[in-house]
>>> print(open('query_30.txt').read())   # compact mmCIF, C-alpha atoms and all ligand atoms
# COMPACT_ATOMS: atom_id res chain seq x y z
CA MET A 1 108.36 141.26 -22.79
CA PRO A 2 109.46 137.64 -22.24
CA SER A 3 108.28 135.18 -24.83
CA ALA A 4 105.95 132.38 -23.67
CA GLY A 5 107.86 129.53 -22.01
CA SER A 6 111.10 131.46 -21.55
CA ILE A 7 112.55 132.64 -18.26
CA ASP A 8 114.25 136.00 -18.09
CA ALA A 9 117.66 136.18 -16.55
CA PRO A 10 117.45 138.53 -13.53
CA GLU A 11 118.80 142.01 -14.12
CA ARG A 12 122.21 142.43 -12.55
CA VAL A 13 122.13 144.76 -9.55
CA ASP A 14 125.31 146.04 -7.98
CA VAL A 15 124.85 145.58 -4.25
CA PRO A 16 127.32 147.42 -2.03
CA VAL A 17 129.44 144.88 -0.23
CA ALA A 18 130.26 145.74 3.37
CA THR A 19 133.94 145.82 4.10
CA ILE A 20 135.17 144.03 7.17
CA SER A 21 138.29 146.12 7.58
CA THR A 22 136.70 148.59 10.01
CA PRO A 23 136.69 147.00 13.45
CA THR A 24 133.43 146.74 15.34
CA ARG A 25 133.70 148.95 18.43
CA ILE A 26 132.32 147.43 21.58
CA ALA A 27 132.42 148.45 25.23
CA LEU A 28 132.53 146.17 28.25
CA PHE A 29 130.74 146.51 31.54
CA GLY A 30 133.18 144.50 33.66
CA LEU A 31 136.74 143.33 33.10
CA GLY A 32 136.99 140.30 35.35
CA ARG A 33 137.82 136.78 34.19
CA VAL A 34 135.22 136.62 31.40
CA GLY A 35 135.68 140.25 30.30
CA SER A 36 139.45 139.79 30.12
CA ALA A 37 139.08 136.52 28.19
CA LEU A 38 136.78 138.33 25.74
CA ALA A 39 139.28 141.19 25.26
CA ARG A 40 142.11 138.71 24.66
CA LEU A 41 140.03 136.69 22.20
CA ALA A 42 139.02 139.86 20.30
CA ALA A 43 142.68 140.94 20.11
CA ALA A 44 144.06 137.51 19.17
CA SER A 45 145.36 137.17 15.65
CA GLY A 46 143.77 134.46 13.60
CA HIS A 47 140.43 134.19 15.40
CA SER A 48 137.64 133.26 13.07
CA GLY A 49 135.54 136.42 13.38
CA PRO A 50 135.77 139.95 11.97
CA PRO A 51 137.97 142.57 13.69
CA ILE A 52 136.64 143.81 17.01
CA GLN A 53 137.97 146.71 19.01
CA ILE A 54 137.25 147.11 22.71
CA SER A 55 136.71 150.85 23.07
CA GLY A 56 136.75 150.70 26.87
CA ALA A 57 135.75 148.75 29.92
CA LEU A 58 133.84 149.79 33.00
CA VAL A 59 135.61 148.66 36.15
CA ARG A 60 134.72 149.09 39.81
CA THR A 61 138.19 150.29 40.80
CA SER A 62 141.06 151.54 38.69
CA ALA A 63 143.44 148.91 40.13
CA GLY A 64 142.91 145.33 38.99
CA ARG A 65 144.99 142.20 38.53
CA ASP A 66 145.45 140.27 35.28
CA ARG A 67 143.58 142.79 33.13
CA PRO A 68 144.63 143.04 29.47
CA ARG A 69 146.62 146.28 29.32
CA SER A 70 145.38 147.16 25.82
CA VAL A 71 141.85 147.86 27.11
CA PRO A 72 141.22 151.42 28.37
CA THR A 73 139.36 151.28 31.68
CA THR A 74 137.05 153.74 33.36
CA THR A 75 134.84 153.89 36.44
CA ASP A 76 132.40 156.16 34.57
CA ALA A 77 129.74 154.18 32.68
CA GLN A 78 128.22 157.31 31.08
CA SER A 79 131.46 158.20 29.30
CA LEU A 80 131.60 154.71 27.80
CA LEU A 81 128.05 155.01 26.49
CA ASP A 82 128.56 158.62 25.32
CA ALA A 83 131.27 157.28 22.98
CA ARG A 84 128.47 155.38 21.15
CA PRO A 85 129.89 151.84 20.98
CA GLU A 86 128.18 149.61 18.43
CA ALA A 87 127.35 147.14 21.22
CA VAL A 88 127.99 146.65 24.92
CA VAL A 89 128.82 143.40 26.69
CA GLU A 90 127.75 143.16 30.34
CA VAL A 91 129.88 140.82 32.42
CA LEU A 92 129.64 142.53 35.79
CA GLY A 93 127.46 139.81 37.30
CA GLY A 94 124.99 140.44 40.13
CA LEU A 95 121.87 142.59 40.01
CA GLU A 96 123.07 146.16 40.58
CA PRO A 97 124.54 148.15 39.02
CA ALA A 98 124.16 145.63 36.15
CA ARG A 99 120.38 146.12 35.87
CA SER A 100 120.50 149.94 35.74
CA LEU A 101 123.35 149.92 33.26
CA VAL A 102 121.70 147.41 30.92
CA LEU A 103 118.46 149.44 31.00
CA GLU A 104 120.34 152.65 30.28
CA THR A 105 122.17 151.02 27.37
CA LEU A 106 118.93 149.72 25.88
CA ARG A 107 117.19 153.07 26.32
CA ARG A 108 120.02 154.66 24.36
CA GLY A 109 119.27 152.15 21.57
CA ILE A 110 122.61 150.34 21.92
CA PRO A 111 122.55 146.53 21.50
CA ILE A 112 123.60 144.69 24.63
CA VAL A 113 124.87 141.18 25.26
CA THR A 114 124.98 139.62 28.70
CA ALA A 115 126.15 136.46 30.43
CA ASN A 116 124.41 137.47 33.66
CA LYS A 117 121.84 134.78 34.45
CA SER A 118 121.02 136.21 37.89
CA LEU A 119 120.05 139.48 36.21
CA LEU A 120 117.88 137.84 33.53
CA ALA A 121 116.23 135.48 36.00
CA ALA A 122 115.31 138.34 38.33
CA HIS A 123 114.61 141.19 35.87
CA GLY A 124 114.15 139.52 32.47
CA GLU A 125 110.64 140.91 32.03
CA GLU A 126 111.70 144.51 32.50
CA LEU A 127 114.80 144.11 30.33
CA PHE A 128 113.06 142.37 27.42
CA GLU A 129 110.24 144.90 27.47
CA THR A 130 112.73 147.78 27.42
CA ALA A 131 114.62 146.13 24.57
CA ALA A 132 111.40 145.71 22.59
CA ARG A 133 110.42 149.35 23.13
CA SER A 134 113.83 150.70 22.16
CA GLY A 135 114.40 148.28 19.27
CA ALA A 136 117.88 147.51 20.63
CA PRO A 137 118.70 143.79 20.69
CA LEU A 138 119.32 142.05 24.02
CA ARG A 139 121.24 138.79 23.62
CA TYR A 140 121.87 136.26 26.39
CA GLU A 141 123.10 133.05 24.77
CA ALA A 142 125.95 132.75 27.29
CA CYS A 143 123.53 132.57 30.24
CA VAL A 144 122.64 128.88 29.83
CA ILE A 145 125.17 126.24 28.69
CA ALA A 146 127.48 128.96 27.44
CA GLY A 147 129.34 126.76 24.93
CA VAL A 148 126.27 125.32 23.20
CA PRO A 149 124.47 127.98 21.14
CA PHE A 150 120.83 126.90 21.30
CA LEU A 151 118.80 129.66 22.98
CA GLY A 152 119.03 132.11 20.09
CA THR A 153 118.21 129.37 17.60
CA PHE A 154 114.95 128.60 19.37
CA GLU A 155 114.17 132.26 19.89
CA GLN A 156 113.85 132.73 16.16
CA ARG A 157 112.29 129.32 15.42
CA PRO A 158 108.86 129.20 17.08
CA PHE A 159 107.82 126.09 15.16
CA ALA A 160 110.78 124.19 16.59
CA ALA A 161 110.48 125.67 20.07
CA THR A 162 107.51 123.54 21.17
CA VAL A 163 109.33 122.53 24.35
CA THR A 164 107.20 121.45 27.30
CA ARG A 165 109.82 119.74 29.47
CA VAL A 166 113.45 120.48 30.22
CA VAL A 167 115.80 118.11 32.07
CA GLY A 168 119.39 119.23 32.24
CA ILE A 169 122.74 119.43 33.92
CA LEU A 170 123.06 123.19 33.88
CA ASN A 171 125.86 123.82 36.36
CA GLY A 172 129.38 122.74 35.47
CA THR A 173 130.89 123.32 38.91
CA SER A 174 128.52 120.99 40.76
CA HIS A 175 128.78 118.41 37.96
CA PHE A 176 132.57 118.51 38.25
CA ILE A 177 132.37 117.96 42.03
CA VAL A 178 129.91 115.06 41.71
CA SER A 179 132.12 113.47 39.04
CA ARG A 180 135.15 113.75 41.35
CA LEU A 181 133.15 112.25 44.23
CA GLU A 182 132.38 109.35 41.93
CA GLU A 183 136.13 108.86 41.50
CA GLY A 184 136.57 108.82 45.30
CA ALA A 185 137.83 112.40 45.83
CA ALA A 186 136.91 114.39 48.93
CA TYR A 187 134.24 117.09 48.49
CA THR A 188 136.46 119.96 49.68
CA ASP A 189 139.32 118.93 47.36
CA ALA A 190 136.97 118.76 44.37
CA LEU A 191 135.53 122.20 45.21
CA SER A 192 139.02 123.77 45.50
CA GLU A 193 140.05 122.18 42.20
CA VAL A 194 137.06 123.49 40.24
CA GLN A 195 137.51 126.96 41.75
CA ARG A 196 141.19 126.92 40.75
CA LEU A 197 140.20 125.99 37.19
CA GLY A 198 138.00 129.10 37.01
CA PHE A 199 134.65 127.38 36.45
CA ALA A 200 132.90 128.30 39.71
CA GLU A 201 131.01 131.53 40.38
CA PRO A 202 132.92 134.10 42.49
CA ASP A 203 130.75 132.84 45.35
CA ALA A 204 130.73 129.09 44.71
CA SER A 205 127.87 128.57 47.16
CA ASN A 206 125.47 129.52 44.33
CA ASP A 207 126.90 126.67 42.25
CA VAL A 208 126.75 123.96 44.91
CA ASN A 209 123.45 124.99 46.52
CA GLY A 210 121.58 124.94 43.20
CA THR A 211 120.85 128.70 42.92
CA ASP A 212 122.80 129.07 39.66
CA ALA A 213 120.91 126.17 38.01
CA ALA A 214 117.55 127.49 39.31
CA GLU A 215 118.26 130.88 37.69
CA LYS A 216 119.07 129.18 34.40
CA LEU A 217 115.83 127.21 34.67
CA ALA A 218 113.89 130.46 35.18
CA ILE A 219 115.41 131.75 31.90
CA LEU A 220 114.36 128.55 30.10
CA PHE A 221 110.82 128.83 31.55
CA ARG A 222 110.55 132.29 30.01
CA LEU A 223 112.06 131.39 26.64
CA PHE A 224 110.26 128.10 26.01
CA GLY A 225 107.14 128.29 28.17
CA LYS A 226 106.50 132.08 28.13
CA LEU A 227 106.21 131.59 31.86
CA ARG A 228 107.52 133.85 34.60
CA VAL A 229 108.90 131.77 37.44
CA ALA A 230 110.94 133.17 40.30
CA ALA A 231 114.12 131.13 40.72
CA SER A 232 113.57 131.29 44.48
CA ASP A 233 110.19 129.50 44.06
CA ILE A 234 111.83 126.44 42.49
CA ASP A 235 112.34 123.55 44.92
CA THR A 236 116.13 123.63 45.12
CA ALA A 237 118.56 121.27 46.86
CA GLY A 238 122.34 121.45 46.82
CA ILE A 239 124.93 118.74 46.37
CA GLU A 240 126.52 119.37 49.77
CA GLY A 241 124.93 116.32 51.44
CA LEU A 242 126.04 113.87 48.75
CA THR A 243 128.74 111.29 49.60
CA THR A 244 130.93 108.89 47.62
CA LEU A 245 129.00 106.04 49.26
CA ASP A 246 125.69 107.34 47.83
CA ILE A 247 127.18 107.43 44.35
CA ALA A 248 128.65 103.93 44.70
CA GLN A 249 125.28 102.60 45.91
CA ALA A 250 123.46 104.37 43.09
CA LYS A 251 125.57 102.31 40.68
CA ILE A 252 124.52 99.09 42.43
CA PHE A 253 120.90 100.26 42.11
CA GLY A 254 121.42 100.69 38.35
CA GLY A 255 121.95 104.40 38.05
CA THR A 256 124.13 107.43 38.59
CA ILE A 257 123.62 110.60 40.63
CA LYS A 258 123.78 113.93 38.78
CA PRO A 259 123.04 117.57 39.73
CA LEU A 260 119.84 118.13 37.77
CA ALA A 261 117.45 120.86 36.80
CA PHE A 262 113.93 119.75 35.84
CA ALA A 263 110.92 121.74 34.59
CA ASP A 264 107.65 120.61 33.06
CA TRP A 265 104.68 122.71 31.95
CA SER A 266 102.96 120.16 29.69
CA ASP A 267 99.96 120.07 32.07
CA PRO A 268 98.35 123.53 32.08
CA LYS A 269 97.09 122.83 35.61
CA ARG A 270 100.45 121.94 37.11
CA THR A 271 103.80 123.57 36.40
CA SER A 272 106.51 121.56 38.10
CA ALA A 273 110.21 122.00 38.65
CA PHE A 274 113.10 121.10 40.89
CA VAL A 275 116.84 121.56 41.07
CA GLY A 276 119.06 119.14 42.96
CA PRO A 277 120.89 115.85 42.86
CA ALA A 278 118.84 113.04 41.33
CA LEU A 279 119.42 109.40 40.49
CA LEU A 280 119.34 108.80 36.75
CA GLN A 281 118.59 105.31 35.58
CA THR A 282 121.45 103.78 33.56
CA GLY A 283 121.02 104.69 29.90
CA HIS A 284 119.70 108.20 30.53
CA PRO A 285 121.57 110.53 28.13
CA LEU A 286 122.51 112.91 30.96
CA GLY A 287 124.26 110.08 32.78
CA SER A 288 126.74 109.41 30.02
CA PHE A 289 129.31 112.18 30.64
CA GLY A 290 131.06 113.86 33.56
CA GLY A 291 133.30 116.78 34.50
CA VAL A 292 132.14 120.34 33.83
CA THR A 293 130.18 119.30 30.74
CA ASN A 294 126.54 120.40 30.67
CA GLY A 295 123.65 118.72 28.89
CA ILE A 296 119.97 119.27 28.26
CA CYS A 297 117.06 117.10 27.10
CA LEU A 298 114.20 119.05 25.54
CA ARG A 299 110.85 117.26 25.24
CA ARG A 300 108.68 118.89 22.60
CA SER A 301 104.97 118.69 21.83
CA ALA A 302 105.86 118.55 18.14
CA GLY A 303 109.03 117.54 16.37
CA GLY A 304 110.39 114.95 18.81
CA SER A 305 112.87 115.29 21.65
CA LEU A 306 116.28 116.92 21.43
CA PHE A 307 119.46 116.46 23.42
CA TYR A 308 122.40 118.87 23.49
CA SER A 309 125.59 118.64 25.48
CA GLY A 310 128.83 120.56 25.64
CA PRO A 311 130.85 123.00 27.68
CA GLY A 312 128.71 125.18 29.91
CA THR A 313 131.28 127.20 31.75
CA GLY A 314 134.75 128.73 31.54
CA PRO A 315 135.96 132.21 30.56
CA ASP A 316 137.12 131.30 27.03
CA VAL A 317 133.97 129.42 26.06
CA THR A 318 131.79 132.20 27.46
CA ALA A 319 133.85 134.90 25.73
CA ALA A 320 133.42 133.23 22.32
CA THR A 321 129.64 133.00 22.77
CA LEU A 322 129.44 136.64 23.89
CA LEU A 323 131.35 137.80 20.81
CA ASP A 324 129.10 135.77 18.52
CA ASP A 325 126.12 137.36 20.26
CA VAL A 326 127.64 140.79 19.58
CA LEU A 327 127.96 140.01 15.87
CA GLU A 328 124.36 138.80 15.74
CA ALA A 329 123.10 141.78 17.71
CA ILE A 330 124.70 144.38 15.46
CA SER A 331 123.67 142.61 12.29
CA SER A 332 120.00 142.79 13.29
CA ARG A 333 118.73 145.97 14.89
CA THR A 334 115.26 144.61 15.52
CA PRO A 335 114.28 142.10 18.18
CA ARG A 336 114.02 138.61 16.73
CA ARG A 337 110.41 138.14 17.77
CA VAL A 338 107.70 140.40 19.04
CA TRP A 339 108.01 140.66 22.80
CA GLU A 340 105.20 138.99 24.71
CA PRO A 341 104.90 139.38 28.45
CA ALA A 342 105.53 136.10 30.26
CA ARG A 343 102.68 134.72 32.41
CA ALA A 344 103.50 134.45 36.11
CA VAL A 345 102.97 130.93 37.46
CA SER A 346 103.73 129.15 40.70
CA VAL A 347 105.71 125.94 40.48
CA ARG A 348 105.54 122.76 42.53
CA PHE A 349 107.65 119.68 42.88
CA PRO A 350 106.68 117.05 40.24
CA GLY A 351 103.73 114.89 41.27
CA ALA A 352 104.96 111.35 41.94
CA LEU A 353 108.53 110.22 41.40
CA SER A 354 110.30 107.23 42.82
CA TRP A 355 113.02 108.00 45.38
CA PHE A 356 116.50 106.80 46.33
CA VAL A 357 116.76 107.06 50.10
CA ARG A 358 119.71 106.76 52.46
CA LEU A 359 119.22 105.94 56.16
CA GLN A 360 122.06 106.61 58.54
CA SER A 361 122.52 106.07 62.26
CA ASN A 362 125.33 106.48 64.76
CA THR A 363 123.90 103.58 66.79
CA ARG A 364 122.00 100.74 65.09
CA LEU A 365 119.67 101.12 62.13
CA PRO A 366 116.21 99.59 62.63
CA GLU A 367 115.56 96.26 60.89
CA ALA A 368 114.70 96.69 57.21
CA THR A 369 111.33 94.98 57.72
CA ASP A 370 110.41 97.42 60.52
CA VAL A 371 111.35 100.34 58.27
CA ALA A 372 109.23 98.89 55.45
CA ASP A 373 106.24 98.46 57.82
CA LEU A 374 106.46 102.02 59.11
CA LEU A 375 106.76 103.45 55.59
CA ALA A 376 103.87 101.29 54.37
CA SER A 377 101.68 102.73 57.13
CA HIS A 378 102.27 106.13 55.41
CA GLY A 379 101.55 104.72 51.95
CA ILE A 380 105.22 104.46 50.90
CA TRP A 381 106.36 101.17 49.36
CA SER A 382 110.04 100.31 48.97
CA CYS A 383 111.01 98.21 45.98
CA ARG A 384 114.67 97.48 46.70
CA VAL A 385 116.86 97.62 49.82
CA SER A 386 120.66 97.46 50.12
CA SER A 387 122.53 95.56 52.81
CA THR A 388 123.75 97.58 55.79
CA VAL A 389 127.19 99.20 55.40
CA THR A 390 129.29 100.27 58.41
CA ARG A 391 131.67 103.16 57.73
CA ASP A 392 133.18 105.91 59.92
CA GLY A 393 131.32 104.61 62.99
CA LEU A 394 127.94 104.94 61.23
CA GLU A 395 125.50 102.41 59.86
CA TRP A 396 124.18 103.21 56.36
CA ARG A 397 121.48 101.61 54.25
CA TRP A 398 119.80 102.64 51.00
CA PHE A 399 116.45 101.78 49.43
CA ARG A 400 114.31 102.78 46.49
CA THR A 401 110.61 103.56 46.65
CA TYR A 402 107.80 103.17 44.19
CA PRO A 403 106.58 106.55 42.88
CA CYS A 404 104.99 108.66 45.60
CA PRO A 405 104.38 112.36 46.31
CA ALA A 406 107.35 114.19 47.85
CA ASP A 407 105.40 115.48 50.84
CA ARG A 408 104.12 112.00 51.69
CA LEU A 409 107.68 110.66 51.68
CA SER A 410 108.85 113.60 53.85
CA ALA A 411 106.15 112.85 56.42
CA ALA A 412 107.03 109.14 56.47
CA LEU A 413 110.75 109.80 56.87
CA ALA A 414 110.12 112.35 59.64
CA ALA A 415 108.05 109.72 61.48
CA LEU A 416 110.80 107.15 60.95
CA SER A 417 113.46 109.52 62.32
CA ALA A 418 111.32 110.35 65.33
CA ALA A 419 110.68 106.67 66.08
CA THR A 420 114.19 105.32 65.55
CA SER A 421 116.60 108.29 65.71
CA CYS A 422 118.07 107.48 62.30
CA GLU A 423 118.62 110.25 59.75
CA ALA A 424 117.24 110.11 56.22
CA TRP A 425 118.48 111.76 53.00
CA ARG A 426 116.82 111.24 49.63
CA VAL A 427 116.97 112.20 45.98
CA PRO A 428 114.32 111.72 43.28
CA THR A 429 114.99 109.25 40.49
CA LEU A 430 114.39 109.76 36.78
CA GLU A 431 113.90 106.95 34.29
CA VAL A 432 115.38 106.83 30.81
CA ALA A 433 111.88 107.53 29.44
CA ASP A 434 111.90 110.88 31.28
CA ALA A 435 114.49 112.09 28.78
CA ASP A 436 112.05 111.78 25.84
N1 LIG B 501 129.54 128.77 37.60
C1 LIG B 501 128.77 128.38 36.47
C2 LIG B 501 128.89 126.88 36.27
C3 LIG B 501 129.26 129.16 35.30
O1 LIG B 501 129.70 126.26 36.96
O2 LIG B 501 128.17 126.31 35.47
C4 LIG B 501 128.43 129.07 34.05
O3 LIG B 501 127.15 129.55 34.23
>>> encode(input="query_30.txt", output="structure tokens", more="lines below")
Ligand code: HSE
Amino acid sequence: MPSAGSIDAPERVDVPVATISTPTRIALFGLGRVGSALARLAAASGHSGPPIQISGALVRTSAGRDRPRSVPTTTDAQSLLDARPEAVVEVLGGLEPARSLVLETLRRGIPIVTANKSLLAAHGEELFETAARSGAPLRYEACVIAGVPFLGTFEQRPFAATVTRVVGILNGTSHFIVSRLEEGAAYTDALSEVQRLGFAEPDASNDVNGTDAAEKLAILFRLFGKLRVAASDIDTAGIEGLTTLDIAQAKIFGGTIKPLAFADWSDPKRTSAFVGPALLQTGHPLGSFGGVTNGICLRRSAGGSLFYSGPGTGPDVTAATLLDDVLEAISSRTPRRVWEPARAVSVRFPGALSWFVRLQSNTRLPEATDVADLLASHGIWSCRVSSTVTRDGLEWRWFRTYPCPADRLSAALAALSAATSCEAWRVPTLEVADAD
């Protein structure tokens, strides 16, 4: 019995200490660029994690270039699972057979880690529910900004995850291309370069047309908003129409053009989102870096805003995140939080933003005052107009509008094109305050 005022020393308990000499056995679904990078990282001497052994990799065909020879390959997924790996990493990409294989792995109670954002965006509900039922962890940190581990942190920190708005650069390939355009490079050269560097998707059209970023946004909607949004419902524009002249003019207008992903569910009556190039006012945190770097501003209802940036793409970065996910998954056999079904919502373009508009004509552009009058008759007011630039046999002019609904601007520009045969291209603009 302790005497009054004294504190007993705790009784010493001998706790068994796990040894780290036995390698963790994992299997891979896929042995392409990311799978191979993961196998090489696991085999490298001096990496900072515990020993990991790749027990085998599922491949589509037995022949394959640049595969690490130390990894046994098979075209039979069942034999890989029958060998009871401690975890599986899915890096096949695409929807099938990835979906069926991930479900089968979860149903067998084996933890699974994936970098497949298309799969999670399209079938996240089914996969998370299956994981919850089986008790097998499903980790997906590498799906969004692969080199910045933030998804898992928020998944287990509901008091911090009060996010109601996301604004980010979520695709490294399109950011790289836009950054090269800013330096004066040609679009096709920039695209070839980023493909050569291994950052683009196998089909780079998903990078440049915004699909990849829209899928990542759908994952963030589910994680932060508990909302189910189809990536295909998000208003998505690509960077294909962007020119070096637009970027140079954006600078004169006090901003920079970036490939953005935007989502806001702070108003329960209106969930809004878009993906596409946008003009960021100078000083916006997402305007301060280039190349393949990704970044994300998280506005929260409590706790203030957050900003993360870092590498979002590349086989080595993705491989490191996948291996860390494996270690987390096998150290915790239960899902981090109780699974809740996400609520399906429809999304619209944000209400009223101001716009950066380019007019272009292969004859003569109408006078700026005539353009302003026509737009005003549709309730669109321009606040700044550039001088006319002649380049490549075309006349170009840019202007900025006061905030207005997207469909009203579309109607006004369609009327302008019909009346004057000039073409119009526009991107929304975001102010520095939109980052908070
Ligand atoms: N192709 C993607 C990108 C890979 O460029 O961001 C990472 O998701």
>>> residues_around(input="query_30.txt", residues="Gly198 of chain A", least_positions_apart="2", cutoff="12 Å", atoms="all atoms listed in the file", output="list of chain:residue names")
A:Gly32, A:Arg33, A:Val34, A:Ala37, A:Gly172, A:Thr173, A:Phe176, A:Leu191, A:Ser192, A:Glu193, A:Val194, A:Gln195, A:Arg196, A:Ala200, A:Glu201, A:Pro202, A:Asp203, A:Ala204, A:Val292, A:Thr313, A:Gly314, A:Pro315, A:Asp316, A:Val317, A:Thr318
>>> closest_residue(input="query_30.txt", among="A:Thr61, A:Thr22, A:Thr130, A:Ser70", to="Glu340 of chain A", atoms="all atoms listed in the file")
A:Thr130
>>> closest_residue(input="query_30.txt", among="A:Asp267, A:Ala278, A:Gly49, A:Pro137", to="Ser331 of chain A", atoms="all atoms listed in the file")
A:Pro137
>>> closest_residue(input="query_30.txt", among="A:Phe199, A:Phe274, A:Phe128, A:Phe307", to="ligand LIG 501 (chain B)", atoms="all atoms listed in the file")
A:Phe199
>>> closest_residue(input="query_30.txt", among="A:Asp325, A:Glu240, A:Glu182, A:Glu155", to="Ile257 of chain A", atoms="all atoms listed in the file")
A:Glu182
>>> closest_residue(input="query_30.txt", among="A:Leu103, A:Ile169, A:Ala131, A:Leu151", to="ligand LIG 501 (chain B)", atoms="all atoms listed in the file")
A:Ile169
>>> axis_aligned_box(input="query_30.txt", around="segment 200-203 of chain A", padding_each_side="6 Å", output="JSON")
{"center_x": 131.8, "center_y": 131.2, "center_z": 42.5, "size_x": 14.2, "size_y": 17.8, "size_z": 17.6}
>>> closest_residue(input="query_30.txt", among="A:Leu245, A:Val208, A:Ala121, A:Leu138", to="ligand LIG 501 (chain B)", atoms="all atoms listed in the file")
A:Val208
>>> residues_around(input="query_30.txt", residues="Pro350 of chain A", least_positions_apart="5", cutoff="9 Å", atoms="all atoms listed in the file", output="PyMOL selection string")
chain A and resi 262-264+270-274+405-406
>>> residues_near_point(input="query_30.txt", point="(122.0, 144.9, 24.7)", cutoff="8 Å", atoms="all atoms listed in the file", output="number ranges by chain")
A: 87-89, 102, 105-106, 110-114, 131, 136-139, 329
>>> atom_distance(input="query_30.txt", atom1="atom CA of Ile380 of chain A", atom2="atom CA of Ser232 of chain A")
28.8 Å
>>> residues_around(input="query_30.txt", residues="Ala302 of chain A", least_positions_apart="2", cutoff="9 Å", atoms="only C-alpha atoms", output="PyMOL selection string")
chain A and resi 159-163+299-300+304-305
>>> residues_around(input="query_30.txt", residues="Ala342 of chain A", least_positions_apart="4", cutoff="10 Å", atoms="all atoms listed in the file", output="ChimeraX atom specification")
/A:124-125,221-223,225-229
>>> build_atoms(input="query_30.txt", residues="segment 170-186 of chain A", atoms="N, CA and C atoms", output="mmCIF file, keeping the file's coordinate frame")
data_model
loop_
_atom_site.group_PDB
_atom_site.id
_atom_site.type_symbol
_atom_site.label_atom_id
_atom_site.label_comp_id
_atom_site.auth_asym_id
_atom_site.auth_seq_id
_atom_site.Cartn_x
_atom_site.Cartn_y
_atom_site.Cartn_z
ATOM 1 N N LEU A 170 122.865 121.807 34.298
ATOM 2 C CA LEU A 170 123.060 123.190 33.880
ATOM 3 C C LEU A 170 124.173 123.889 34.644
ATOM 4 N N ASN A 171 124.763 123.205 35.607
ATOM 5 C CA ASN A 171 125.860 123.820 36.360
ATOM 6 C C ASN A 171 127.112 122.955 36.283
ATOM 7 N N GLY A 172 128.158 123.510 35.679
ATOM 8 C CA GLY A 172 129.380 122.740 35.470
ATOM 9 C C GLY A 172 130.149 122.484 36.756
ATOM 10 N N THR A 173 130.127 123.461 37.661
ATOM 11 C CA THR A 173 130.890 123.320 38.910
ATOM 12 C C THR A 173 130.374 122.145 39.729
ATOM 13 N N SER A 174 129.064 122.083 39.935
ATOM 14 C CA SER A 174 128.520 120.990 40.760
ATOM 15 C C SER A 174 128.680 119.656 40.026
ATOM 16 N N HIS A 175 128.592 119.662 38.706
ATOM 17 C CA HIS A 175 128.780 118.410 37.960
ATOM 18 C C HIS A 175 130.224 117.924 38.112
ATOM 19 N N PHE A 176 131.159 118.860 38.072
ATOM 20 C CA PHE A 176 132.570 118.510 38.250
ATOM 21 C C PHE A 176 132.773 117.872 39.637
ATOM 22 N N ILE A 177 132.189 118.476 40.654
ATOM 23 C CA ILE A 177 132.370 117.960 42.030
ATOM 24 C C ILE A 177 131.763 116.562 42.151
ATOM 25 N N VAL A 178 130.556 116.379 41.625
ATOM 26 C CA VAL A 178 129.910 115.060 41.710
ATOM 27 C C VAL A 178 130.735 114.013 40.949
ATOM 28 N N SER A 179 131.296 114.413 39.814
ATOM 29 C CA SER A 179 132.120 113.470 39.040
ATOM 30 C C SER A 179 133.369 113.088 39.824
ATOM 31 N N ARG A 180 133.968 114.054 40.533
ATOM 32 C CA ARG A 180 135.150 113.750 41.350
ATOM 33 C C ARG A 180 134.774 112.857 42.549
ATOM 34 N N LEU A 181 133.608 113.118 43.131
ATOM 35 C CA LEU A 181 133.150 112.250 44.230
ATOM 36 C C LEU A 181 133.030 110.807 43.732
ATOM 37 N N GLU A 182 132.551 110.676 42.524
ATOM 38 C CA GLU A 182 132.380 109.350 41.930
ATOM 39 C C GLU A 182 133.731 108.635 41.811
ATOM 40 N N GLU A 183 134.787 109.436 41.607
ATOM 41 C CA GLU A 183 136.130 108.860 41.500
ATOM 42 C C GLU A 183 136.771 108.650 42.878
ATOM 43 N N GLY A 184 136.062 109.054 43.941
ATOM 44 C CA GLY A 184 136.570 108.820 45.300
ATOM 45 C C GLY A 184 137.214 110.031 45.937
ATOM 46 N N ALA A 185 137.199 111.197 45.253
ATOM 47 C CA ALA A 185 137.830 112.400 45.830
ATOM 48 C C ALA A 185 136.996 112.941 46.987
ATOM 49 N N ALA A 186 137.636 113.734 47.832
ATOM 50 C CA ALA A 186 136.910 114.390 48.930
ATOM 51 C C ALA A 186 136.210 115.638 48.363
#
